[in-house]
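Trainee: This one is work.cif, mmCIF, C-alpha atoms.
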data_coords
#
loop_
_atom_site.group_PDB
_atom_site.id
_atom_site.type_symbol
_atom_site.label_atom_id
_atom_site.label_comp_id
_atom_site.auth_asym_id
_atom_site.auth_seq_id
_atom_site.Cartn_x
_atom_site.Cartn_y
_atom_site.Cartn_z
ATOM 1 C CA MET A 28 0.000 0.000 0.000
ATOM 2 C CA ARG A 29 1.105 3.561 -0.663
ATOM 3 C CA TRP A 30 1.801 5.748 2.369
ATOM 4 C CA ARG A 31 -1.132 7.970 1.456
ATOM 5 C CA ASP A 32 -3.441 4.977 1.586
ATOM 6 C CA TYR A 33 -2.042 3.888 4.938
ATOM 7 C CA LEU A 34 -2.949 7.339 6.241
ATOM 8 C CA LEU A 35 -6.417 7.116 4.681
ATOM 9 C CA ALA A 36 -6.978 3.749 6.382
ATOM 10 C CA LEU A 37 -5.978 5.296 9.707
ATOM 11 C CA VAL A 38 -8.385 8.185 9.067
ATOM 12 C CA VAL A 39 -11.185 5.664 8.577
ATOM 13 C CA VAL A 40 -10.535 3.535 11.660
ATOM 14 C CA SER A 41 -9.914 6.560 13.889
ATOM 15 C CA SER A 42 -13.163 8.176 12.743
ATOM 16 C CA TRP A 43 -15.031 4.923 13.393
ATOM 17 C CA GLY A 44 -13.416 4.644 16.834
ATOM 18 C CA PHE A 45 -14.230 8.261 17.735
ATOM 19 C CA ASN A 46 -17.756 7.559 16.472
ATOM 20 C CA PHE A 47 -18.667 5.969 19.835
ATOM 21 C CA VAL A 48 -17.821 9.127 21.776
ATOM 22 C CA VAL A 49 -19.891 11.138 19.308
ATOM 23 C CA ILE A 50 -22.844 8.791 19.835
ATOM 24 C CA ARG A 51 -22.586 9.438 23.579
ATOM 25 C CA TRP A 52 -22.621 13.196 22.950
ATOM 26 C CA GLY A 53 -25.602 12.872 20.621
ATOM 27 C CA LEU A 54 -27.563 10.858 23.181
ATOM 28 C CA HIS A 55 -27.202 13.649 25.746
ATOM 29 C CA GLY A 56 -29.791 15.671 23.869
ATOM 30 C CA LEU A 57 -31.635 13.207 21.629
ATOM 31 C CA PRO A 58 -33.490 9.927 22.313
ATOM 32 C CA PRO A 59 -31.873 6.889 20.603
ATOM 33 C CA MET A 60 -34.547 6.361 17.950
ATOM 34 C CA LEU A 61 -34.672 10.064 17.047
ATOM 35 C CA LEU A 62 -30.874 10.149 16.802
ATOM 36 C CA GLY A 63 -31.056 7.195 14.406
ATOM 37 C CA ALA A 64 -33.724 8.848 12.267
ATOM 38 C CA LEU A 65 -31.759 12.104 11.974
ATOM 39 C CA ARG A 66 -28.519 10.276 11.198
ATOM 40 C CA PHE A 67 -29.948 8.374 8.251
ATOM 41 C CA LEU A 68 -32.004 11.337 7.086
ATOM 42 C CA LEU A 69 -28.756 13.235 6.505
ATOM 43 C CA VAL A 70 -27.175 10.183 4.850
ATOM 44 C CA ALA A 71 -30.009 9.827 2.323
ATOM 45 C CA VAL A 72 -31.162 13.416 1.769
ATOM 46 C CA PRO A 73 -30.531 15.118 -0.577
ATOM 47 C CA ALA A 74 -28.247 12.464 -2.125
ATOM 48 C CA VAL A 75 -31.116 10.096 -2.927
ATOM 49 C CA LEU A 76 -32.613 12.773 -5.174
ATOM 50 C CA PHE A 77 -29.558 12.717 -7.455
ATOM 51 C CA ILE A 78 -28.081 9.231 -7.134
ATOM 52 C CA PRO A 79 -29.810 6.528 -9.198
ATOM 53 C CA ARG A 80 -31.302 3.537 -7.458
ATOM 54 C CA PRO A 81 -28.969 0.501 -7.281
ATOM 55 C CA ALA A 82 -29.269 -1.798 -10.280
ATOM 56 C CA LEU A 83 -30.628 -4.754 -8.314
ATOM 57 C CA ALA A 84 -33.916 -5.841 -6.789
ATOM 58 C CA ALA A 85 -35.178 -3.382 -4.168
ATOM 59 C CA ARG A 86 -35.595 -6.136 -1.567
ATOM 60 C CA TYR A 87 -31.817 -6.316 -1.171
ATOM 61 C CA TRP A 88 -31.134 -2.701 -0.223
ATOM 62 C CA LEU A 89 -34.371 -2.595 1.776
ATOM 63 C CA ALA A 90 -33.330 -5.672 3.783
ATOM 64 C CA TYR A 91 -29.815 -4.336 4.262
ATOM 65 C CA GLY A 92 -31.203 -1.032 5.504
ATOM 66 C CA VAL A 93 -33.280 -2.865 8.101
ATOM 67 C CA VAL A 94 -30.554 -5.146 9.486
ATOM 68 C CA TRP A 95 -27.568 -2.783 9.109
ATOM 69 C CA GLY A 96 -29.242 0.536 9.829
ATOM 70 C CA VAL A 97 -32.107 -0.224 12.198
ATOM 71 C CA GLY A 98 -30.705 -3.413 13.721
ATOM 72 C CA GLN A 99 -27.093 -2.464 14.307
ATOM 73 C CA PHE A 100 -27.528 1.182 15.256
ATOM 74 C CA GLY A 101 -30.903 0.839 16.937
ATOM 75 C CA PHE A 102 -29.485 -1.714 19.352
ATOM 76 C CA LEU A 103 -26.191 0.177 19.762
ATOM 77 C CA PHE A 104 -27.784 3.574 20.457
ATOM 78 C CA THR A 105 -30.205 2.033 22.948
ATOM 79 C CA ALA A 106 -27.402 0.054 24.606
ATOM 80 C CA MET A 107 -25.381 3.203 25.173
ATOM 81 C CA GLN A 108 -28.475 4.975 26.491
ATOM 82 C CA VAL A 109 -29.063 2.264 29.131
ATOM 83 C CA GLY A 110 -25.553 1.889 30.462
ATOM 84 C CA MET A 111 -23.032 0.627 27.880
ATOM 85 C CA PRO A 112 -19.794 2.660 28.085
ATOM 86 C CA ALA A 113 -18.626 4.064 24.744
ATOM 87 C CA GLY A 114 -15.173 2.478 24.916
ATOM 88 C CA LEU A 115 -16.456 -0.993 25.773
ATOM 89 C CA ALA A 116 -19.129 -0.682 23.078
ATOM 90 C CA SER A 117 -16.390 -0.189 20.481
ATOM 91 C CA VAL A 118 -14.795 -3.464 21.653
ATOM 92 C CA VAL A 119 -17.881 -5.643 22.074
ATOM 93 C CA LEU A 120 -19.330 -4.585 18.717
ATOM 94 C CA GLN A 121 -16.349 -6.247 17.023
ATOM 95 C CA SER A 122 -17.896 -9.600 17.945
ATOM 96 C CA GLN A 123 -19.768 -9.137 14.664
ATOM 97 C CA ALA A 124 -16.893 -11.017 13.039
ATOM 98 C CA PHE A 125 -17.818 -14.148 14.950
ATOM 99 C CA PHE A 126 -21.551 -13.755 14.469
ATOM 100 C CA THR A 127 -20.736 -13.536 10.759
ATOM 101 C CA LEU A 128 -18.928 -16.889 10.989
ATOM 102 C CA LEU A 129 -21.896 -18.474 12.745
ATOM 103 C CA PHE A 130 -24.485 -17.120 10.307
ATOM 104 C CA ALA A 131 -22.342 -17.992 7.277
ATOM 105 C CA ALA A 132 -22.185 -21.593 8.483
ATOM 106 C CA LEU A 133 -25.925 -21.734 9.143
ATOM 107 C CA TRP A 134 -27.265 -20.013 6.034
ATOM 108 C CA LEU A 135 -24.496 -20.153 3.440
ATOM 109 C CA GLY A 136 -23.078 -23.564 4.309
ATOM 110 C CA GLU A 137 -19.575 -22.166 4.743
ATOM 111 C CA ARG A 138 -17.177 -24.365 6.697
ATOM 112 C CA TRP A 139 -14.968 -23.131 9.480
ATOM 113 C CA ARG A 140 -11.239 -23.626 9.524
ATOM 114 C CA TRP A 141 -9.536 -24.601 12.777
ATOM 115 C CA PHE A 142 -8.171 -21.119 13.479
ATOM 116 C CA GLN A 143 -11.615 -19.555 13.011
ATOM 117 C CA LEU A 144 -13.123 -21.922 15.567
ATOM 118 C CA ALA A 145 -10.201 -21.285 17.906
ATOM 119 C CA GLY A 146 -10.639 -17.536 17.501
ATOM 120 C CA LEU A 147 -14.354 -17.862 18.213
ATOM 121 C CA LEU A 148 -13.714 -19.774 21.437
ATOM 122 C CA VAL A 149 -11.039 -17.317 22.585
ATOM 123 C CA ALA A 150 -13.273 -14.332 21.831
ATOM 124 C CA ALA A 151 -16.186 -15.970 23.660
ATOM 125 C CA GLY A 152 -13.978 -16.137 26.743
ATOM 126 C CA GLY A 153 -13.199 -12.436 26.463
ATOM 127 C CA LEU A 154 -16.871 -11.532 26.031
ATOM 128 C CA THR A 155 -17.743 -13.654 29.068
ATOM 129 C CA LEU A 156 -15.249 -11.744 31.213
ATOM 130 C CA ILE A 157 -16.661 -8.423 30.015
ATOM 131 C CA GLY A 158 -20.242 -9.557 30.566
ATOM 132 C CA LEU A 159 -19.507 -10.740 34.112
ATOM 133 C CA SER A 160 -18.132 -7.294 34.988
ATOM 134 C CA HIS A 161 -21.533 -5.586 34.798
ATOM 135 C CA GLY A 162 -22.680 -3.463 37.708
ATOM 136 C CA VAL A 163 -19.195 -2.989 39.166
ATOM 137 C CA GLY A 164 -17.430 0.314 39.786
ATOM 138 C CA LEU A 165 -18.090 3.946 38.897
ATOM 139 C CA GLY A 166 -20.025 4.375 35.650
ATOM 140 C CA ALA A 167 -20.620 0.644 35.569
ATOM 141 C CA MET A 168 -21.682 -1.226 32.462
ATOM 142 C CA SER A 169 -25.245 -2.541 32.628
ATOM 143 C CA LEU A 170 -26.025 -6.119 31.660
ATOM 144 C CA LEU A 171 -28.842 -4.829 29.439
ATOM 145 C CA GLY A 172 -26.430 -2.484 27.661
ATOM 146 C CA PHE A 173 -23.956 -5.316 27.105
ATOM 147 C CA SER A 174 -26.681 -7.631 25.772
ATOM 148 C CA LEU A 175 -28.065 -4.991 23.395
ATOM 149 C CA THR A 176 -24.564 -4.300 22.055
ATOM 150 C CA LEU A 177 -24.246 -8.004 21.240
ATOM 151 C CA CYS A 178 -27.601 -7.774 19.444
ATOM 152 C CA GLY A 179 -26.203 -4.851 17.435
ATOM 153 C CA ALA A 180 -23.158 -6.943 16.524
ATOM 154 C CA ALA A 181 -25.436 -9.780 15.396
ATOM 155 C CA ALA A 182 -27.442 -7.363 13.226
ATOM 156 C CA TRP A 183 -24.208 -6.063 11.651
ATOM 157 C CA ALA A 184 -23.281 -9.681 10.899
ATOM 158 C CA LEU A 185 -26.626 -10.247 9.174
ATOM 159 C CA GLY A 186 -25.813 -7.300 6.921
ATOM 160 C CA ASN A 187 -22.448 -8.906 6.127
ATOM 161 C CA ILE A 188 -24.204 -12.150 5.207
ATOM 162 C CA LEU A 189 -26.556 -10.301 2.878
ATOM 163 C CA ILE A 190 -23.647 -8.636 1.064
ATOM 164 C CA ARG A 191 -21.810 -11.966 0.852
ATOM 165 C CA GLN A 192 -24.923 -13.624 -0.575
ATOM 166 C CA LEU A 193 -25.125 -10.970 -3.298
ATOM 167 C CA SER A 194 -21.478 -11.612 -4.142
ATOM 168 C CA ARG A 195 -22.001 -15.374 -4.329
ATOM 169 C CA GLN A 196 -24.917 -14.860 -6.693
ATOM 170 C CA GLY A 197 -22.752 -12.647 -8.919
ATOM 171 C CA ILE A 198 -24.975 -9.595 -8.361
ATOM 172 C CA ALA A 199 -22.894 -6.472 -8.976
ATOM 173 C CA PHE A 200 -23.809 -3.083 -7.535
ATOM 174 C CA GLN A 201 -22.197 0.281 -6.823
ATOM 175 C CA ALA A 202 -21.482 0.405 -3.107
ATOM 176 C CA SER A 203 -22.078 4.156 -2.643
ATOM 177 C CA HIS A 204 -25.472 4.017 -4.375
ATOM 178 C CA PHE A 205 -26.409 0.947 -2.345
ATOM 179 C CA LEU A 206 -25.463 2.703 0.914
ATOM 180 C CA ILE A 207 -27.487 5.845 0.160
ATOM 181 C CA TRP A 208 -30.648 3.953 -0.778
ATOM 182 C CA ALA A 209 -30.259 1.525 2.131
ATOM 183 C CA ALA A 210 -30.531 4.562 4.430
ATOM 184 C CA ILE A 211 -34.201 5.055 3.478
ATOM 185 C CA PRO A 212 -35.748 2.193 5.546
ATOM 186 C CA PRO A 213 -34.000 3.338 8.755
ATOM 187 C CA ILE A 214 -35.442 6.846 8.373
ATOM 188 C CA ILE A 215 -38.979 5.493 8.260
ATOM 189 C CA ILE A 216 -38.574 2.796 10.922
ATOM 190 C CA PHE A 217 -36.628 4.964 13.369
ATOM 191 C CA SER A 218 -39.190 7.756 12.976
ATOM 192 C CA LEU A 219 -42.079 5.386 13.719
ATOM 193 C CA LEU A 220 -40.229 3.884 16.690
ATOM 194 C CA SER A 221 -39.502 7.347 18.052
ATOM 195 C CA LEU A 222 -43.159 8.336 17.740
ATOM 196 C CA TRP A 223 -44.147 5.160 19.571
ATOM 197 C CA LEU A 224 -41.481 5.144 22.295
ATOM 198 C CA ASP A 225 -40.905 8.881 22.833
ATOM 199 C CA GLY A 226 -44.131 10.479 21.639
ATOM 200 C CA PRO A 227 -44.683 13.615 19.529
ATOM 201 C CA THR A 228 -44.234 15.984 22.489
ATOM 202 C CA ALA A 229 -40.825 14.574 23.455
ATOM 203 C CA ILE A 230 -39.691 14.649 19.819
ATOM 204 C CA ALA A 231 -40.784 18.257 19.364
ATOM 205 C CA THR A 232 -39.078 19.270 22.607
ATOM 206 C CA ALA A 233 -35.834 17.490 21.686
ATOM 207 C CA ILE A 234 -35.704 19.148 18.259
ATOM 208 C CA ARG A 235 -36.674 22.569 19.657
ATOM 209 C CA ASP A 236 -34.024 22.434 22.392
ATOM 210 C CA ILE A 237 -31.345 20.649 20.366
ATOM 211 C CA SER A 238 -27.854 21.799 21.309
ATOM 212 C CA LEU A 239 -24.981 22.646 18.994
ATOM 213 C CA ARG A 240 -23.165 19.543 20.278
ATOM 214 C CA SER A 241 -26.085 17.313 19.298
ATOM 215 C CA ILE A 242 -26.263 18.921 15.851
ATOM 216 C CA LEU A 243 -22.542 18.388 15.293
ATOM 217 C CA ALA A 244 -22.899 14.798 16.537
ATOM 218 C CA VAL A 245 -25.611 14.039 13.973
ATOM 219 C CA LEU A 246 -23.559 15.658 11.199
ATOM 220 C CA TYR A 247 -20.496 13.635 12.175
ATOM 221 C CA LEU A 248 -22.404 10.351 12.362
ATOM 222 C CA ALA A 249 -23.983 10.917 8.944
ATOM 223 C CA TRP A 250 -21.299 12.605 6.885
ATOM 224 C CA VAL A 251 -18.002 11.528 8.459
ATOM 225 C CA ALA A 252 -18.581 8.101 10.040
ATOM 226 C CA THR A 253 -21.054 6.858 7.415
ATOM 227 C CA ILE A 254 -20.543 8.547 4.042
ATOM 228 C CA LEU A 255 -16.891 9.711 4.089
ATOM 229 C CA ALA A 256 -15.299 6.856 6.043
ATOM 230 C CA THR A 257 -17.284 4.125 4.307
ATOM 231 C CA SER A 258 -16.513 5.582 0.866
ATOM 232 C CA ILE A 259 -12.769 5.663 1.618
ATOM 233 C CA TRP A 260 -12.914 2.115 3.004
ATOM 234 C CA ASN A 261 -14.702 0.808 -0.077
ATOM 235 C CA ARG A 262 -12.192 2.549 -2.334
ATOM 236 C CA LEU A 263 -9.311 0.895 -0.450
ATOM 237 C CA LEU A 264 -11.022 -2.484 -0.848
ATOM 238 C CA GLN A 265 -11.237 -1.865 -4.577
ATOM 239 C CA ASP A 266 -7.522 -0.961 -4.850
ATOM 240 C CA TYR A 267 -6.063 -3.601 -2.538
ATOM 241 C CA SER A 268 -6.831 -7.132 -1.404
ATOM 242 C CA ALA A 269 -9.122 -7.642 1.563
ATOM 243 C CA ASN A 270 -6.194 -9.209 3.446
ATOM 244 C CA GLN A 271 -4.331 -5.905 3.224
ATOM 245 C CA VAL A 272 -7.265 -3.697 4.228
ATOM 246 C CA ALA A 273 -9.397 -5.695 6.676
ATOM 247 C CA PRO A 274 -6.793 -5.924 9.507
ATOM 248 C CA PHE A 275 -6.964 -2.143 9.940
ATOM 249 C CA SER A 276 -10.464 -2.591 11.411
ATOM 250 C CA LEU A 277 -8.802 -4.215 14.450
ATOM 251 C CA LEU A 278 -7.615 -0.714 15.405
ATOM 252 C CA VAL A 279 -11.177 0.636 15.760
ATOM 253 C CA PRO A 280 -11.668 -0.545 19.386
ATOM 254 C CA TRP A 281 -8.356 0.944 20.481
ATOM 255 C CA PHE A 282 -9.272 4.324 19.014
ATOM 256 C CA GLY A 283 -12.656 3.927 20.698
ATOM 257 C CA LEU A 284 -11.116 3.122 24.081
ATOM 258 C CA ALA A 285 -8.551 5.928 23.830
ATOM 259 C CA SER A 286 -11.054 8.618 22.780
ATOM 260 C CA ALA A 287 -13.536 7.511 25.474
ATOM 261 C CA ALA A 288 -10.801 7.690 28.126
ATOM 262 C CA LEU A 289 -9.620 11.136 26.991
ATOM 263 C CA LEU A 290 -12.973 12.790 26.283
ATOM 264 C CA LEU A 291 -15.437 10.949 28.531
ATOM 265 C CA ASP A 292 -13.125 10.024 31.429
ATOM 266 C CA GLU A 293 -14.083 6.370 31.048
ATOM 267 C CA ALA A 294 -11.890 3.909 32.914
ATOM 268 C CA LEU A 295 -12.131 0.158 32.467
ATOM 269 C CA LEU A 296 -11.837 -2.329 35.280
ATOM 270 C CA PRO A 297 -8.871 -4.762 35.128
ATOM 271 C CA GLN A 298 -11.334 -7.558 34.302
ATOM 272 C CA GLN A 299 -12.725 -5.509 31.413
ATOM 273 C CA TRP A 300 -9.234 -4.768 30.074
ATOM 274 C CA LEU A 301 -8.432 -8.474 30.246
ATOM 275 C CA GLY A 302 -11.696 -9.380 28.504
ATOM 276 C CA ALA A 303 -11.058 -6.774 25.794
ATOM 277 C CA ALA A 304 -7.524 -8.078 25.240
ATOM 278 C CA ILE A 305 -8.749 -11.692 24.983
ATOM 279 C CA LEU A 306 -11.512 -10.668 22.561
ATOM 280 C CA MET A 307 -8.976 -8.860 20.365
ATOM 281 C CA LEU A 308 -6.696 -11.914 20.526
ATOM 282 C CA GLY A 309 -9.581 -13.966 19.160
ATOM 283 C CA LEU A 310 -10.054 -11.439 16.355
ATOM 284 C CA LEU A 311 -6.348 -11.525 15.538
ATOM 285 C CA LEU A 312 -6.438 -15.321 15.391
ATOM 286 C CA ASN A 313 -9.436 -15.151 13.070
ATOM 287 C CA VAL A 314 -7.765 -12.634 10.728
ATOM 288 C CA PHE A 315 -4.199 -13.974 10.692
ATOM 289 C CA GLY A 316 -4.745 -17.644 11.571
ATOM 290 C CA GLY A 317 -4.631 -18.629 7.914
ATOM 291 C CA ARG A 318 -1.082 -17.319 7.660
ATOM 292 C CA LEU A 319 -0.099 -19.295 10.753
ATOM 293 C CA ALA A 320 -1.601 -22.409 9.202
ATOM 294 C CA GLY A 321 0.642 -21.916 6.172
ATOM 295 C CA LEU A 322 3.889 -21.578 8.124
ATOM 296 C CA PRO A 323 4.761 -25.328 8.169
ATOM 297 C CA THR A 324 4.362 -25.555 4.386
ATOM 298 C CA LEU A 325 6.357 -22.350 3.946
ATOM 299 C CA GLY A 326 9.086 -23.722 6.217
ATOM 300 C CA ARG A 327 9.332 -26.987 4.289
ATOM 301 C CA GLY A 328 9.527 -25.122 0.998
ATOM 302 C CA LEU A 329 12.276 -22.842 2.294
ATOM 303 C CA ALA A 330 14.225 -25.780 3.711
ATOM 304 C CA SER A 331 13.976 -27.562 0.365
ATOM 305 C CA LYS A 332 15.347 -24.538 -1.502
ATOM 306 C CA LEU A 333 18.227 -24.270 0.964
ATOM 307 C CA GLY A 334 18.996 -27.973 0.657
ATOM 308 C CA TRP A 335 17.949 -28.755 4.228
ATOM 309 C CA ALA A 336 15.922 -31.819 3.356
ATOM 310 C CA PRO A 337 14.893 -33.895 6.362
ATOM 311 C CA ARG A 338 16.618 -37.212 6.850
ATOM 312 C CA GLN A 339 14.713 -40.331 5.875
ATOM 313 C CA GLY A 340 14.182 -43.319 8.137
#
Rewrite the coordinates I just gave you, this time as structure tokens.
Mentor:
Amino acid sequence: MRWRDYLLALVVVSSWGFNFVVIRWGLHGLPPMLLGALRFLLVAVPAVLFIPRPALAARYWLAYGVVWGVGQFGFLFTAMQVGMPAGLASVVLQSQAFFTLLFAALWLGERWRWFQLAGLLVAAGGLTLIGLSHGVGLGAMSLLGFSLTLCGAAAWALGNILIRQLSRQGIAFQASHFLIWAAIPPIIIFSLLSLWLDGPTAIATAIRDISLRSILAVLYLAWVATILATSIWNRLLQDYSANQVAPFSLLVPWFGLASAALLLDEALLPQQWLGAAILMLGLLLNVFGGRLAGLPTLGRGLASKLGWAPRQG
């Protein structure tokens, strides 16, 4: 990768990590469902008026909008509203990688390799440690917040499965157009949920009294974290192999933890740090385990070239 693209990848993962602090700021003045509606409203409008609809059946971008937009962010925003710290949310949400493995096996018939199963088991241990730390210490994580964050990770994984299914069927589409149109279902669903859960009076009051910080939070979530960062990420995936680009996503939780510590004064318990480290170890094993599996073959090939053939008998 060129140095400029390394920097662009760091811009993406840092903006996604900082995204969790911004969500916390946005929730100070806006209910979760209203925050979701405003976020996707700015993603879709006015772009949807100028960008053509994706050249594939509408059910695909509609379904993706429901699971990715409403599922992932609806659960995440609510989780952070009911006691999930921003830094821990950035870590736990990465469990989507393992939900993706599970769903791919169930619905796509994909088989696991040994290092993927090992990574899943290691990560499950880390998540267990984090989950058992609920209700402890100042600014404690709630069990409900932890559980809802896992639901958000599962919804993100369902979106991954949908995209993978399109790829397996050979259905081509322009990612930016797909993203803009997939933002339409969340606008409608989040608006209806906000009317039901918050009521018209609470919505009107929140919009009337909206602070500059909440406005900037919505703008950041829509234009920086969603449109700009995702567009750069997709461009990197087009220019380089997934193996070169995907590992950068492992930096998102560390940017999330660092920004939450600096800007929100969040401090993790030792058990939570240990759980986060074990979860990230599981992710590393999942991403790089294939290279480890190839080391014996690589070693034999190198030994053969150097004339270090093993003795027979």
Trainee: Within 12 Å of Pro73 in chain A, counting only C-alpha atoms, which residues qualify if same-chain residues fewer than 6 places away don't, as a PyMOL selection string?
Mentor: chain A and resi 67+207-208+210-211
Trainee: Choose the residue, out of A:Ile198, A:Ile214, A:Leu147, A:Ile237, that has the smallest atom-to-atom separation from Leu306 in chain A; count only C-alpha atoms.
Mentor: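 Answer, going by the shortest atom-to-atom distance: A:Leu147.
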Trainee: Find the residues near Trp88 in chain A: any atom within 9 Å, counting only C-alpha atoms, skip ones fewer than 6 places away on the same chain, and give them as a ChimeraX atom specification.
Mentor: /A:81,205-206,208-210,212
Trainee: For CA of Leu170 in chain A and CA of Pro59 in chain A, quote the distance in Å rounded to one decimal.
Mentor: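 These two atoms are separated by 18.0 Å.
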Trainee: Can you work out the spacing between CA of Leu175 in chain A and CA of Val245 in chain A in Å, to one decimal?
Mentor: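 About the pair CA of Leu175 in chain A and CA of Val245 in chain A: they are 21.4 Å apart.
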Trainee: For the PyMOL selection byres ((chain A and resi 262) around 12), applied here, can you spell out every residue it catches as a CSV table (one decimal) with C-alpha atoms, keeping the file's coordinate frame?
Mentor:
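Heads up, here's the output in result-v9.csv:
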chain,number,residue,atom,x,y,z
A,32,ASP,CA,-3.4,5.0,1.6
A,35,LEU,CA,-6.4,7.1,4.7
A,36,ALA,CA,-7.0,3.7,6.4
A,39,VAL,CA,-11.2,5.7,8.6
A,201,GLN,CA,-22.2,0.3,-6.8
A,202,ALA,CA,-21.5,0.4,-3.1
A,203,SER,CA,-22.1,4.2,-2.6
A,255,LEU,CA,-16.9,9.7,4.1
A,256,ALA,CA,-15.3,6.9,6.0
A,257,THR,CA,-17.3,4.1,4.3
A,258,SER,CA,-16.5,5.6,0.9
A,259,ILE,CA,-12.8,5.7,1.6
A,260,TRP,CA,-12.9,2.1,3.0
A,261,ASN,CA,-14.7,0.8,-0.1
A,263,LEU,CA,-9.3,0.9,-0.4
A,264,LEU,CA,-11.0,-2.5,-0.8
A,265,GLN,CA,-11.2,-1.9,-4.6
A,266,ASP,CA,-7.5,-1.0,-4.8
A,267,TYR,CA,-6.1,-3.6,-2.5
A,268,SER,CA,-6.8,-7.1,-1.4
A,269,ALA,CA,-9.1,-7.6,1.6
A,272,VAL,CA,-7.3,-3.7,4.2
Trainee: Listing only residues of range 98-146 of chain A within 9 Å of range 291-298 of chain A, what is the closest atom pair and its distance in Å (to one decimal) for each, using all atoms listed in the file, sorted by chain and residue number ascending, as a Markdown table?
Mentor:
| residue | atom | partner | partner_atom | distance |
| --- | --- | --- | --- | --- |
| A:Pro112 | CA | A:Glu293 | CA | 7.4 |
| A:Ala113 | CA | A:Glu293 | CA | 8.1 |
| A:Gly114 | CA | A:Glu293 | CA | 7.3 |
| A:Leu115 | CA | A:Leu295 | CA | 8.1 |
Trainee: Which one is closest to Leu62 in chain A: A:Asn46, A:Ser160, A:Ser276, A:Thr105? Count all atoms listed in the file.
Mentor: A:Thr105
Trainee: I'd like to know which of A:Tyr33, A:Trp281, A:Trp183, A:Trp300 is closest to Ser122 in chain A, using all atoms listed in the file.
Mentor: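 Using all atoms listed in the file, the shortest distance to Ser122 in chain A belongs to A:Trp183.
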Trainee: Hey, what comes out of the PyMOL selection byres ((chain A and resi 193) around 12) on this file? Could you write it as a list in words?
Mentor: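 Expected selection for the PyMOL selection byres ((chain A and resi 193) around 12) here is Leu83, Ala84, Arg86, Tyr87, Trp88, Tyr91, Leu135, Gly186, Asn187, Ile188, Leu189, Ile190, Arg191, Gln192, Ser194, Arg195, Gln196, Gly197, Ile198, Ala199, Phe200 and Ala202 of chain A.
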Trainee: Carefully work through the PyMOL selection byres ((chain A and resi 150) around 7) for this structure and note down the residues it includes, as a list in words.
Mentor: Gly146, Leu147, Leu148, Val149, Ala151, Gly152, Gly153, Leu154, Ile305, Leu306, Gly309 and Leu310 of chain A
Trainee: Could you check which of A:Val97, A:Ala252, A:Leu290, A:Val279 is closest to Ser218 in chain A, using only C-alpha atoms?
Mentor: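 Of all the options, A:Val97 lies closest to Ser218 in chain A.
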